[in-house]
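Quick look at my_file.cif (mmCIF, C-alpha atoms):
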```cif
data_run
loop_
_atom_site.label_atom_id
_atom_site.label_comp_id
_atom_site.auth_asym_id
_atom_site.auth_seq_id
_atom_site.Cartn_x
_atom_site.Cartn_y
_atom_site.Cartn_z
CA MET A 1 11.12 -18.44 -19.38
CA THR A 2 9.65 -15.75 -21.69
CA GLN A 3 6.49 -15.70 -19.57
CA ALA A 4 8.57 -15.24 -16.40
CA ILE A 5 10.46 -12.31 -17.92
CA LEU A 6 7.18 -10.70 -19.02
CA LEU A 7 5.82 -11.12 -15.48
CA VAL A 8 8.91 -9.41 -14.05
CA VAL A 9 8.46 -6.54 -16.54
CA VAL A 10 4.75 -6.17 -15.65
CA GLY A 11 5.70 -6.12 -11.96
CA PHE A 12 8.45 -3.57 -12.54
CA VAL A 13 6.16 -1.16 -14.42
CA ALA A 14 3.32 -1.56 -11.90
CA GLY A 15 5.67 -1.10 -8.96
CA ALA A 16 7.33 1.98 -10.45
CA PHE A 17 4.08 3.80 -11.33
CA GLY A 18 2.23 2.60 -8.24
CA SER A 19 4.90 3.83 -5.85
CA MET A 20 5.09 7.22 -7.62
CA VAL A 21 1.37 7.97 -7.25
CA GLY A 22 0.65 6.24 -3.94
CA LEU A 23 -1.45 3.40 -5.38
CA GLY A 24 -0.61 -0.27 -5.21
CA GLY A 25 -0.28 -0.81 -8.93
CA GLY A 26 -3.17 -3.28 -9.10
CA VAL A 27 -4.90 -1.00 -11.57
CA PHE A 28 -2.16 -1.84 -14.08
CA MET A 29 -1.42 -5.35 -12.97
CA VAL A 30 -4.73 -7.20 -12.89
CA PRO A 31 -5.67 -6.29 -16.51
CA ALA A 32 -2.12 -6.95 -17.70
CA LEU A 33 -1.98 -10.39 -16.10
CA SER A 34 -5.50 -11.53 -16.94
CA LEU A 35 -5.92 -9.94 -20.39
CA PHE A 36 -2.48 -9.98 -21.94
CA LEU A 37 -0.76 -12.88 -20.20
CA GLY A 38 -3.79 -15.17 -19.81
CA VAL A 39 -3.50 -15.64 -16.04
CA PRO A 40 -6.84 -16.72 -14.44
CA ILE A 41 -8.60 -13.80 -12.74
CA HIS A 42 -8.41 -15.09 -9.14
CA GLU A 43 -4.70 -15.80 -9.48
CA SER A 44 -4.25 -12.35 -11.04
CA ILE A 45 -5.97 -10.70 -8.08
CA ALA A 46 -3.95 -12.79 -5.61
CA ALA A 47 -0.69 -11.83 -7.35
CA SER A 48 -1.86 -8.21 -7.46
CA LEU A 49 -2.60 -8.12 -3.71
CA LEU A 50 0.83 -9.55 -2.89
CA ALA A 51 2.35 -7.05 -5.30
CA VAL A 52 0.57 -4.20 -3.49
CA VAL A 53 2.20 -5.34 -0.25
CA ALA A 54 5.59 -5.48 -1.99
CA THR A 55 5.10 -2.03 -3.56
CA SER A 56 4.06 -0.54 -0.24
CA THR A 57 6.93 -2.12 1.70
CA THR A 58 9.63 -1.13 -0.78
CA ALA A 59 8.41 2.41 -1.40
CA THR A 60 7.70 3.10 2.27
CA ILE A 61 11.31 2.29 3.24
CA ALA A 62 12.53 5.14 1.02
CA TYR A 63 9.71 7.49 2.04
CA LEU A 64 10.28 6.87 5.78
CA ARG A 65 14.01 7.50 5.56
CA ASP A 66 13.27 10.87 3.95
CA ASP A 67 10.50 11.73 6.47
CA LEU A 68 7.96 11.97 3.63
CA ALA A 69 5.50 9.41 5.02
CA ASN A 70 3.42 10.79 7.90
CA LEU A 71 3.09 7.83 10.29
CA ARG A 72 0.77 9.62 12.72
CA LEU A 73 -1.66 10.56 9.95
CA GLY A 74 -1.30 7.15 8.31
CA MET A 75 -2.08 5.19 11.47
CA THR A 76 -5.01 7.49 12.29
CA LEU A 77 -6.59 6.98 8.86
CA GLU A 78 -5.72 3.27 8.88
CA THR A 79 -8.02 2.71 11.90
CA THR A 80 -11.07 3.39 9.72
CA THR A 81 -9.61 1.73 6.60
CA VAL A 82 -9.13 -1.64 8.32
CA THR A 83 -12.54 -1.28 10.00
CA GLY A 84 -14.08 -0.64 6.58
CA ALA A 85 -12.28 -3.67 5.17
CA LEU A 86 -13.64 -5.79 8.03
CA PHE A 87 -17.24 -4.68 7.39
CA GLY A 88 -16.71 -4.92 3.64
CA GLY A 89 -15.87 -8.57 4.09
CA LEU A 90 -18.99 -9.13 6.19
CA VAL A 91 -21.57 -7.23 4.10
CA GLY A 92 -19.90 -7.49 0.72
CA ALA A 93 -22.58 -9.73 -0.72
CA LEU A 94 -25.26 -7.12 0.04
CA LEU A 95 -23.63 -4.39 -2.03
CA SER A 96 -23.97 -4.16 -5.78
CA ARG A 97 -20.56 -4.23 -7.41
CA GLY A 98 -21.98 -2.59 -10.56
CA VAL A 99 -23.54 0.33 -8.69
CA LEU A 100 -20.37 0.86 -6.64
CA SER A 101 -18.25 0.84 -9.78
CA ALA A 102 -20.52 3.41 -11.43
CA VAL A 103 -20.58 5.72 -8.40
CA PHE A 104 -16.86 5.61 -7.71
CA GLY A 105 -15.97 5.71 -11.40
CA GLY A 106 -18.01 8.89 -11.79
CA VAL A 107 -16.58 10.51 -8.65
CA MET A 108 -13.01 9.63 -9.57
CA MET A 109 -13.40 10.96 -13.09
CA VAL A 110 -14.53 14.33 -11.70
CA VAL A 111 -11.67 14.27 -9.15
CA SER A 112 -9.05 13.46 -11.79
CA ILE A 113 -10.24 16.31 -14.03
CA TYR A 114 -10.31 18.70 -11.06
CA LEU A 115 -6.74 17.71 -10.14
CA LEU A 116 -5.64 18.68 -13.64
CA VAL A 117 -7.46 22.01 -13.94
CA ARG A 118 -7.32 23.35 -10.34
CA PRO A 119 -5.10 26.36 -9.73
CA HIS A 120 -1.83 25.13 -8.19
CA THR A 121 -0.98 27.28 -5.20
CA GLY A 122 2.21 25.46 -4.27
CA GLU A 123 3.28 24.20 -0.85
CA ALA A 124 4.13 26.49 2.07
CA GLU A 125 7.76 26.76 3.07
CA PHE A 126 8.29 25.88 6.73
CA ALA A 127 10.00 28.60 8.73
CA GLY A 128 10.08 26.65 12.02
CA GLN A 129 7.51 28.76 13.87
CA GLU A 130 4.18 27.57 12.49
CA GLU A 131 1.75 25.51 14.56
CA LEU A 132 1.31 22.30 12.56
CA GLY A 133 -0.97 20.40 14.94
CA THR A 134 -0.71 16.80 16.12
CA LEU A 135 -1.01 15.30 12.65
CA GLY A 136 0.86 17.91 10.64
CA GLY A 137 4.37 17.37 9.36
CA THR A 138 7.43 18.69 7.60
CA TYR A 139 9.62 17.25 4.89
CA ARG A 140 12.50 18.27 2.70
CA ASP A 141 11.40 18.83 -0.92
CA ARG A 142 14.46 17.93 -2.97
CA SER A 143 13.01 19.29 -6.21
CA LEU A 144 12.51 22.73 -4.60
CA GLY A 145 15.41 22.60 -2.17
CA THR A 146 13.20 23.80 0.70
CA THR A 147 11.51 22.38 3.80
CA ILE A 148 7.74 22.16 3.43
CA GLY A 149 5.39 22.30 6.42
CA TYR A 150 1.71 21.41 6.40
CA LYS A 151 -1.22 21.22 8.79
CA VAL A 152 -3.83 18.49 8.31
CA ARG A 153 -7.37 19.81 7.87
CA TRP A 154 -10.78 18.12 7.70
CA LEU A 155 -9.73 14.97 9.57
CA PRO A 156 -13.35 13.64 9.73
CA LEU A 157 -13.43 13.78 5.92
CA GLY A 158 -10.24 11.74 5.77
CA LEU A 159 -11.52 9.21 8.31
CA GLY A 160 -14.79 8.87 6.40
CA SER A 161 -13.12 8.42 3.02
CA SER A 162 -10.69 5.89 4.50
CA LEU A 163 -13.63 3.92 5.88
CA VAL A 164 -15.26 3.89 2.43
CA ALA A 165 -11.94 3.01 0.78
CA GLY A 166 -11.53 0.02 3.08
CA LEU A 167 -15.18 -1.00 2.56
CA VAL A 168 -15.04 -1.06 -1.24
CA SER A 169 -11.42 -1.92 -1.94
CA GLY A 170 -11.99 -5.66 -1.70
CA LEU A 171 -15.22 -5.47 -3.69
CA LEU A 172 -13.70 -3.49 -6.54
CA GLY A 173 -10.38 -5.31 -6.45
CA VAL A 174 -8.35 -2.12 -6.10
CA GLY A 175 -6.24 -0.65 -3.30
CA GLY A 176 -7.53 2.05 -0.97
CA GLY A 177 -5.11 4.64 -2.36
CA PHE A 178 -7.42 5.51 -5.25
CA LEU A 179 -9.67 7.34 -2.78
CA THR A 180 -7.38 8.35 0.08
CA VAL A 181 -4.73 10.12 -2.02
CA PRO A 182 -7.14 12.60 -3.71
CA VAL A 183 -8.98 13.20 -0.42
CA MET A 184 -5.70 13.89 1.38
CA VAL A 185 -4.59 16.28 -1.37
CA LEU A 186 -7.86 18.08 -2.12
CA GLY A 187 -9.73 17.83 1.20
CA MET A 188 -7.10 17.56 3.92
CA ARG A 189 -4.63 19.92 2.20
CA VAL A 190 -1.74 17.48 2.53
CA PRO A 191 0.94 18.18 -0.12
CA VAL A 192 0.80 15.59 -2.92
CA ARG A 193 4.30 14.30 -2.14
CA ALA A 194 3.41 13.58 1.52
CA ALA A 195 0.01 12.18 0.53
CA VAL A 196 1.61 9.73 -1.92
CA ALA A 197 4.15 8.60 0.70
CA THR A 198 1.52 8.25 3.45
CA SER A 199 -0.80 6.31 1.13
CA SER A 200 2.07 3.99 0.17
CA PHE A 201 2.53 3.30 3.88
CA MET A 202 -1.19 2.59 4.36
CA ILE A 203 -2.00 0.32 1.41
CA GLY A 204 0.39 -2.43 2.47
CA ILE A 205 -1.44 -2.89 5.76
CA THR A 206 -4.86 -3.07 4.09
CA ALA A 207 -3.75 -5.43 1.30
CA SER A 208 -1.92 -7.85 3.59
CA ALA A 209 -5.11 -9.17 5.22
CA GLY A 210 -6.77 -9.84 1.87
CA ALA A 211 -3.65 -11.40 0.41
CA LEU A 212 -3.32 -13.72 3.41
CA VAL A 213 -6.76 -15.15 2.68
CA TYR A 214 -5.85 -15.83 -0.97
CA LEU A 215 -2.61 -17.48 0.15
CA ALA A 216 -4.38 -19.67 2.73
CA ARG A 217 -6.95 -20.77 0.14
CA GLY A 218 -4.23 -21.92 -2.23
CA LEU A 219 -5.05 -19.35 -4.93
CA VAL A 220 -1.46 -18.14 -5.19
CA ASP A 221 0.47 -19.55 -8.16
CA PRO A 222 4.17 -19.10 -7.35
CA PHE A 223 5.08 -19.22 -11.04
CA VAL A 224 3.04 -16.02 -11.50
CA THR A 225 3.41 -14.33 -8.13
CA VAL A 226 7.14 -14.73 -7.45
CA PRO A 227 8.37 -13.09 -10.70
CA VAL A 228 5.75 -10.33 -10.29
CA VAL A 229 6.78 -9.63 -6.69
CA LEU A 230 10.49 -9.52 -7.57
CA GLY A 231 9.74 -7.14 -10.47
CA VAL A 232 7.58 -4.98 -8.21
CA VAL A 233 10.32 -4.69 -5.58
CA CYS A 234 12.79 -3.38 -8.19
CA GLY A 235 10.16 -1.10 -9.80
CA ALA A 236 8.93 0.36 -6.51
CA TYR A 237 12.50 1.13 -5.45
CA VAL A 238 13.14 3.02 -8.69
CA GLY A 239 9.71 4.70 -8.58
CA SER A 240 10.07 5.92 -5.00
CA ARG A 241 13.49 7.39 -5.80
CA LEU A 242 12.13 9.12 -8.90
CA ALA A 243 9.12 10.47 -7.01
CA GLU A 244 11.40 12.33 -4.61
CA ARG A 245 13.07 14.17 -7.48
CA VAL A 246 10.19 15.13 -9.77
CA LYS A 247 8.11 18.25 -9.10
CA SER A 248 4.83 18.03 -7.20
CA SER A 249 2.99 19.36 -10.26
CA VAL A 250 4.29 16.42 -12.33
CA LEU A 251 3.23 13.96 -9.62
CA THR A 252 -0.24 15.56 -9.58
CA VAL A 253 -0.63 15.14 -13.35
CA MET A 254 0.50 11.51 -13.10
CA LEU A 255 -1.99 10.90 -10.29
CA ALA A 256 -4.80 12.51 -12.30
CA VAL A 257 -4.05 10.40 -15.38
CA VAL A 258 -3.95 7.17 -13.37
CA LEU A 259 -7.20 8.04 -11.57
CA PHE A 260 -8.85 8.87 -14.90
CA ALA A 261 -7.81 5.48 -16.32
CA LEU A 262 -9.10 3.70 -13.22
CA ALA A 263 -12.37 5.66 -13.35
CA LEU A 264 -12.84 4.70 -17.00
CA GLN A 265 -12.21 1.06 -16.13
CA MET A 266 -14.80 1.20 -13.33
CA LEU A 267 -17.42 2.88 -15.53
CA LEU A 268 -16.89 0.29 -18.26
CA ALA A 269 -17.20 -2.49 -15.67
CA ALA A 270 -20.45 -0.92 -14.43
CA ALA A 271 -21.74 -0.93 -18.02
CA GLY A 272 -20.93 -4.62 -18.28
CA ILE A 273 -17.81 -4.14 -20.39
CA SER A 274 -15.12 -5.83 -18.33
CA VAL A 275 -11.50 -5.08 -19.10
CA ARG A 276 -10.28 -7.55 -16.47
CA MET B 1 10.79 26.92 19.73
CA SER B 2 10.20 26.37 23.45
CA ASP B 3 6.90 28.22 23.12
CA SER B 4 5.68 25.91 20.41
CA LEU B 5 6.79 22.85 22.41
CA SER B 6 4.51 23.91 25.20
CA THR B 7 1.49 22.85 23.19
CA PHE B 8 0.17 19.30 23.35
CA ALA B 9 0.43 18.89 19.59
CA GLU B 10 4.08 19.85 19.45
CA LYS B 11 4.90 17.52 22.36
CA VAL B 12 3.30 14.61 20.54
CA ARG B 13 5.10 15.50 17.32
CA ALA B 14 8.43 15.78 19.11
CA ARG B 15 7.95 12.46 20.94
CA SER B 16 7.09 10.55 17.79
CA LYS B 17 10.04 11.97 15.86
CA GLY B 18 12.58 9.35 14.96
CA ILE B 19 10.08 6.52 14.85
CA ASN B 20 10.29 6.59 11.05
CA LEU B 21 13.69 4.93 11.18
CA THR B 22 12.41 2.16 13.47
CA ALA B 23 9.62 1.38 11.01
CA ALA B 24 12.05 1.55 8.07
CA HIS B 25 14.37 -0.96 9.76
CA VAL B 26 11.49 -3.42 10.31
CA LEU B 27 10.41 -3.09 6.67
CA THR B 28 13.95 -3.48 5.34
CA ALA B 29 14.59 -6.62 7.38
CA GLY B 30 11.27 -8.20 6.34
CA LEU B 31 11.67 -7.32 2.67
CA LEU B 32 15.26 -8.58 2.44
CA LEU B 33 14.35 -11.85 4.14
CA ALA B 34 11.33 -12.35 1.87
CA VAL B 35 13.32 -11.64 -1.31
CA ALA B 36 16.14 -13.95 -0.15
CA LEU B 37 13.67 -16.81 0.40
CA LEU B 38 11.97 -16.25 -2.97
CA VAL B 39 15.30 -16.11 -4.81
CA THR B 40 16.39 -19.31 -3.03
CA GLY B 41 13.19 -20.96 -4.26
CA ILE B 42 13.93 -19.86 -7.83
CA ALA B 43 17.50 -21.15 -7.58
CA LEU B 44 16.26 -24.53 -6.38
CA GLN B 45 13.66 -24.59 -9.15
CA LEU B 46 16.30 -23.89 -11.80
CA ALA B 47 18.52 -26.57 -10.24
CA GLY B 48 15.75 -29.06 -10.91
CA PHE B 49 14.54 -29.74 -7.36
CA ALA B 50 10.87 -29.52 -8.43
CA PRO B 51 10.27 -30.39 -12.06
CA GLU B 52 6.48 -30.38 -11.77
CA HIS B 53 4.37 -27.18 -11.66
CA SER B 54 3.66 -26.95 -7.92
CA ARG B 55 1.47 -24.45 -6.07
CA VAL B 56 2.26 -22.76 -2.78
CA VAL B 57 2.08 -25.37 -0.03
CA SER B 58 -0.11 -24.95 3.04
CA VAL B 59 1.30 -23.60 6.29
CA MET B 60 0.98 -27.06 7.87
CA ASP B 61 2.92 -28.66 5.01
CA MET B 62 5.59 -25.95 4.88
CA PRO B 63 8.04 -27.47 7.42
CA ARG B 64 8.08 -30.74 5.43
CA ALA B 65 8.62 -28.86 2.13
CA LEU B 66 11.43 -26.82 3.66
CA ALA B 67 13.09 -29.89 5.17
CA ALA B 68 12.89 -31.60 1.77
CA VAL B 69 14.44 -28.47 0.17
CA GLU B 70 11.44 -28.07 -2.14
CA PRO B 71 11.13 -24.69 -3.91
CA SER B 72 7.43 -24.49 -2.97
CA GLY B 73 8.40 -24.40 0.72
CA PHE B 74 10.69 -21.43 0.16
CA TYR B 75 8.06 -19.66 -2.01
CA SER B 76 5.45 -20.12 0.73
CA LEU B 77 7.72 -18.94 3.52
CA GLY B 78 8.92 -15.97 1.45
CA LEU B 79 5.38 -14.83 0.66
CA ILE B 80 4.29 -15.29 4.29
CA VAL B 81 7.25 -13.21 5.47
CA LEU B 82 6.32 -10.56 2.87
CA LEU B 83 2.71 -10.46 4.15
CA ALA B 84 3.79 -10.43 7.78
CA THR B 85 6.10 -7.45 7.25
CA PRO B 86 3.43 -4.68 7.21
CA ILE B 87 1.76 -6.31 10.21
CA ALA B 88 5.08 -6.41 12.05
CA ARG B 89 5.46 -2.74 11.19
CA VAL B 90 2.15 -1.97 12.94
CA VAL B 91 3.34 -3.82 16.05
CA ALA B 92 6.69 -1.99 15.90
CA LEU B 93 4.87 1.33 15.67
CA ALA B 94 2.66 0.48 18.66
CA VAL B 95 5.76 -0.35 20.69
CA GLY B 96 7.68 2.65 19.35
CA PHE B 97 4.91 5.12 20.09
CA GLY B 98 4.46 3.54 23.54
CA ARG B 99 8.17 3.88 24.37
CA ARG B 100 7.95 7.55 23.38
CA ARG B 101 4.80 7.97 25.51
CA ALA B 102 2.76 9.02 22.49
CA TRP B 103 -0.15 7.08 23.97
CA LEU B 104 -2.78 8.21 21.48
CA PHE B 105 -0.86 6.78 18.51
CA CYS B 106 0.18 3.73 20.51
CA ALA B 107 -3.52 2.99 21.09
CA LEU B 108 -4.39 3.66 17.42
CA SER B 109 -1.64 1.27 16.26
CA ALA B 110 -2.87 -1.40 18.69
CA LEU B 111 -6.42 -0.90 17.41
CA VAL B 112 -5.27 -1.32 13.79
CA PHE B 113 -3.43 -4.52 14.74
CA ALA B 114 -6.49 -5.89 16.55
CA VAL B 115 -8.86 -5.18 13.64
CA LEU B 116 -6.32 -6.54 11.14
CA THR B 117 -6.01 -9.77 13.11
CA LEU B 118 -9.79 -10.10 13.37
CA THR B 119 -10.20 -9.49 9.62
CA ALA B 120 -7.59 -12.12 8.76
CA CYS B 121 -9.19 -14.65 11.13
CA LEU B 122 -12.68 -14.05 9.71
CA GLY B 123 -11.32 -14.27 6.17
CA LEU B 124 -9.60 -17.57 6.89
CA LEU B 125 -12.66 -19.04 8.65
CA THR B 126 -15.13 -18.09 5.93
#
```
What does the file become when written as structure tokens?
Amino acid sequence: MTQAILLVVVGFVAGAFGSMVGLGGGVFMVPALSLFLGVPIHESIAASLLAVVATSTTATIAYLRDDLANLRLGMTLETTTVTGALFGGLVGALLSRGVLSAVFGGVMMVVSIYLLVRPHTGEAEFAGQEELGTLGGTYRDRSLGTTIGYKVRWLPLGLGSSLVAGLVSGLLGVGGGFLTVPVMVLGMRVPVRAAVATSSFMIGITASAGALVYLARGLVDPFVTVPVVLGVVCGAYVGSRLAERVKSSVLTVMLAVVLFALALQMLLAAAGISVR
Amino acid sequence: MSDSLSTFAEKVRARSKGINLTAAHVLTAGLLLAVALLVTGIALQLAGFAPEHSRVVSVMDMPRALAAVEPSGFYSLGLIVLLATPIARVVALAVGFGRRRAWLFCALSALVFAVLTLTACLGLLT
């Protein structure tokens, strides 16, 4: 019973933080399950993938009702993410997990530091006249009390990064949000709040295919997964509600800290020091 | 406003407006059903219907487990419903965009569904 309560708590924390920064929460969950609770690694990953789907589903409900998630942008980027995941599954054995971890760990560390030190220009208030393009959007920022409008820039960059995110997500055991959120914010000029919501929408689709395979192969332990999923659902609901109320600058700092931690984990894994 | 609606981009944006709620309804229904099934499994487990530590049953064995009111059957069905929910959302978006004549995003949603299905099939076969 104590183990089940701990699993619910792990799921709650992962769901709350994951939904606030647009990641699935696997970055917290896999180490917590495998290191601290002694769950075998494959069952930890299986539980984590199902938890990503639960985080995405729960958070996206709130983000869709508030028009924060950009479905047109999400579905456009998802075309290359799922294609990348397909090819990742086919050529995965040819790629070096260590080299990938080192490259992405290094890139993400730079990105996380840049997110922290970049000058914050703030989001543009939408006056109702601006041309936002096919993929652009508007949303009500509750923390500012204004309507924000944005135009999506550098779509090829977003499509390319989504392809890479899909390609490596299965190999590195993390969700695609770790790459797509910073690219949306820094490259495509999507406000962090909309990027987090759109990423939350996307990661559930990507994770569901991988999780289905684990489920079909019998690698899902219900005594681990069910408490985690129920904890995640509660955590993601709370996290998505909190995310709508905190300032974008706070969300950016949270995102940078999480990316830095993930980058450190990847670099350590590349050096042969596994924390999973 | 009528000037801005004259552009292709604004027409697409206007047509796809409101689809968020459709997607939210699909997600809410799937999530509630999945949680209800998982909680039912826990209740049966606590009531002593499955004293041994059982894993998730296979899809083929699920009807038997459900008919026998085994918790593992409810766990399996709940997790399958949870996994099917994002995929159902993609289908709902393809239909929703199509009904609003936002053909570009209807085609993109259909493409995502096709690749997702292919990925799942390849994953299961290998």
For the file shown, what are the residues hit by the PyMOL selection byres ((chain A and resi 17) around 9), laid out as number ranges by chain? A: 12-16, 18-25, 28, 235-236, 239-240, 254, 258
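Counting all atoms listed in the file, the residue from A:Lys151, A:Arg193, A:Arg65, A:Arg72 that sits nearest to Glu244 in chain A is A:Arg193.
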Applied to the shown file, which residues does the PyMOL selection byres ((chain A) within 7 of (chain B)) return, written as a ChimeraX atom specification? /A:53,57,61,64-65,67,72,75-76,78-79,82-83,86,129,133-134,204-205,208-209,212-213,216,218,220-222,226
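Of the listed residues A:Val10, A:Ala85, A:Leu49, A:Val168, the one whose atoms come nearest to Gly26 in chain A is A:Leu49, with distances taken using only C-alpha atoms.
If you measure from each of A:Ser162, A:Ala51, A:Leu68, A:Gly38 to Val190 in chain A using only C-alpha atoms, the closest one turns out to be A:Leu68.
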Residue nearest Ser169 in chain A among A:Ser48, A:Thr81, A:Thr147, A:Thr60 (counting all atoms listed in the file): A:Thr81
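Evaluated against the shown file, the PyMOL selection byres ((chain A and resi 256) around 8) gives Val111, Ser112, Ile113, Leu115, Leu116, Thr252, Val253, Met254, Leu255, Val257, Val258, Leu259 and Phe260 of chain A.
One finds CA of Val152 in chain A at 6.1 Å from CA of Leu135 in chain A.
The two atoms in question, CA of Ser56 in chain A and CA of Leu163 in chain A, are spaced 19.2 Å apart.
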Start from the incomplete input, build N, CA and C atoms for range 11-33 of chain A, and deliver everything as a PDB file, keeping the file's coordinate frame.
```
ATOM      1  N   GLY A  11       5.518  -6.502 -13.363  1.00  0.00           N
ATOM      2  CA  GLY A  11       5.700  -6.120 -11.960  1.00  0.00           C
ATOM      3  C   GLY A  11       6.532  -4.863 -11.818  1.00  0.00           C
ATOM      4  N   PHE A  12       7.575  -4.753 -12.612  1.00  0.00           N
ATOM      5  CA  PHE A  12       8.450  -3.570 -12.540  1.00  0.00           C
ATOM      6  C   PHE A  12       7.673  -2.297 -12.882  1.00  0.00           C
ATOM      7  N   VAL A  13       6.920  -2.350 -13.981  1.00  0.00           N
ATOM      8  CA  VAL A  13       6.160  -1.160 -14.420  1.00  0.00           C
ATOM      9  C   VAL A  13       5.098  -0.789 -13.377  1.00  0.00           C
ATOM     10  N   ALA A  14       4.367  -1.817 -12.899  1.00  0.00           N
ATOM     11  CA  ALA A  14       3.320  -1.560 -11.900  1.00  0.00           C
ATOM     12  C   ALA A  14       3.917  -1.006 -10.615  1.00  0.00           C
ATOM     13  N   GLY A  15       5.029  -1.567 -10.187  1.00  0.00           N
ATOM     14  CA  GLY A  15       5.670  -1.100  -8.960  1.00  0.00           C
ATOM     15  C   GLY A  15       6.181   0.322  -9.085  1.00  0.00           C
ATOM     16  N   ALA A  16       6.773   0.639 -10.246  1.00  0.00           N
ATOM     17  CA  ALA A  16       7.330   1.980 -10.450  1.00  0.00           C
ATOM     18  C   ALA A  16       6.230   3.035 -10.453  1.00  0.00           C
ATOM     19  N   PHE A  17       5.165   2.812 -11.260  1.00  0.00           N
ATOM     20  CA  PHE A  17       4.080   3.800 -11.330  1.00  0.00           C
ATOM     21  C   PHE A  17       3.283   3.828 -10.031  1.00  0.00           C
ATOM     22  N   GLY A  18       3.009   2.653  -9.471  1.00  0.00           N
ATOM     23  CA  GLY A  18       2.230   2.600  -8.240  1.00  0.00           C
ATOM     24  C   GLY A  18       2.890   3.345  -7.099  1.00  0.00           C
ATOM     25  N   SER A  19       4.197   3.164  -6.953  1.00  0.00           N
ATOM     26  CA  SER A  19       4.900   3.830  -5.850  1.00  0.00           C
ATOM     27  C   SER A  19       4.991   5.342  -6.075  1.00  0.00           C
ATOM     28  N   MET A  20       4.988   5.772  -7.337  1.00  0.00           N
ATOM     29  CA  MET A  20       5.090   7.220  -7.620  1.00  0.00           C
ATOM     30  C   MET A  20       3.799   7.963  -7.331  1.00  0.00           C
ATOM     31  N   VAL A  21       2.647   7.273  -7.452  1.00  0.00           N
ATOM     32  CA  VAL A  21       1.370   7.970  -7.250  1.00  0.00           C
ATOM     33  C   VAL A  21       0.630   7.494  -6.003  1.00  0.00           C
ATOM     34  N   GLY A  22       1.249   6.624  -5.213  1.00  0.00           N
ATOM     35  CA  GLY A  22       0.650   6.240  -3.940  1.00  0.00           C
ATOM     36  C   GLY A  22      -0.420   5.171  -4.055  1.00  0.00           C
ATOM     37  N   LEU A  23      -0.502   4.504  -5.218  1.00  0.00           N
ATOM     38  CA  LEU A  23      -1.450   3.400  -5.380  1.00  0.00           C
ATOM     39  C   LEU A  23      -0.647   2.100  -5.375  1.00  0.00           C
ATOM     40  N   GLY A  24      -1.334   0.988  -5.298  1.00  0.00           N
ATOM     41  CA  GLY A  24      -0.610  -0.270  -5.210  1.00  0.00           C
ATOM     42  C   GLY A  24      -0.094  -0.790  -6.534  1.00  0.00           C
ATOM     43  N   GLY A  25      -0.674  -0.307  -7.625  1.00  0.00           N
ATOM     44  CA  GLY A  25      -0.280  -0.810  -8.930  1.00  0.00           C
ATOM     45  C   GLY A  25      -1.207  -1.882  -9.457  1.00  0.00           C
ATOM     46  N   GLY A  26      -2.212  -2.268  -8.666  1.00  0.00           N
ATOM     47  CA  GLY A  26      -3.170  -3.280  -9.100  1.00  0.00           C
ATOM     48  C   GLY A  26      -3.969  -2.847 -10.308  1.00  0.00           C
ATOM     49  N   VAL A  27      -4.145  -1.536 -10.442  1.00  0.00           N
ATOM     50  CA  VAL A  27      -4.900  -1.000 -11.570  1.00  0.00           C
ATOM     51  C   VAL A  27      -4.206  -1.330 -12.899  1.00  0.00           C
ATOM     52  N   PHE A  28      -2.878  -1.457 -12.867  1.00  0.00           N
ATOM     53  CA  PHE A  28      -2.160  -1.840 -14.080  1.00  0.00           C
ATOM     54  C   PHE A  28      -2.034  -3.367 -14.176  1.00  0.00           C
ATOM     55  N   MET A  29      -1.863  -3.964 -12.998  1.00  0.00           N
ATOM     56  CA  MET A  29      -1.420  -5.350 -12.970  1.00  0.00           C
ATOM     57  C   MET A  29      -2.514  -6.356 -13.302  1.00  0.00           C
ATOM     58  N   VAL A  30      -3.678  -6.199 -12.679  1.00  0.00           N
ATOM     59  CA  VAL A  30      -4.730  -7.200 -12.890  1.00  0.00           C
ATOM     60  C   VAL A  30      -5.116  -7.297 -14.376  1.00  0.00           C
ATOM     61  N   PRO A  31      -5.366  -6.172 -15.078  1.00  0.00           N
ATOM     62  CA  PRO A  31      -5.670  -6.290 -16.510  1.00  0.00           C
ATOM     63  C   PRO A  31      -4.501  -6.864 -17.305  1.00  0.00           C
ATOM     64  N   ALA A  32      -3.287  -6.459 -16.946  1.00  0.00           N
ATOM     65  CA  ALA A  32      -2.120  -6.950 -17.700  1.00  0.00           C
ATOM     66  C   ALA A  32      -1.963  -8.457 -17.557  1.00  0.00           C
ATOM     67  N   LEU A  33      -2.140  -8.951 -16.339  1.00  0.00           N
ATOM     68  CA  LEU A  33      -1.980 -10.390 -16.100  1.00  0.00           C
ATOM     69  C   LEU A  33      -3.109 -11.185 -16.737  1.00  0.00           C
TER      70      LEU A  33
END
```
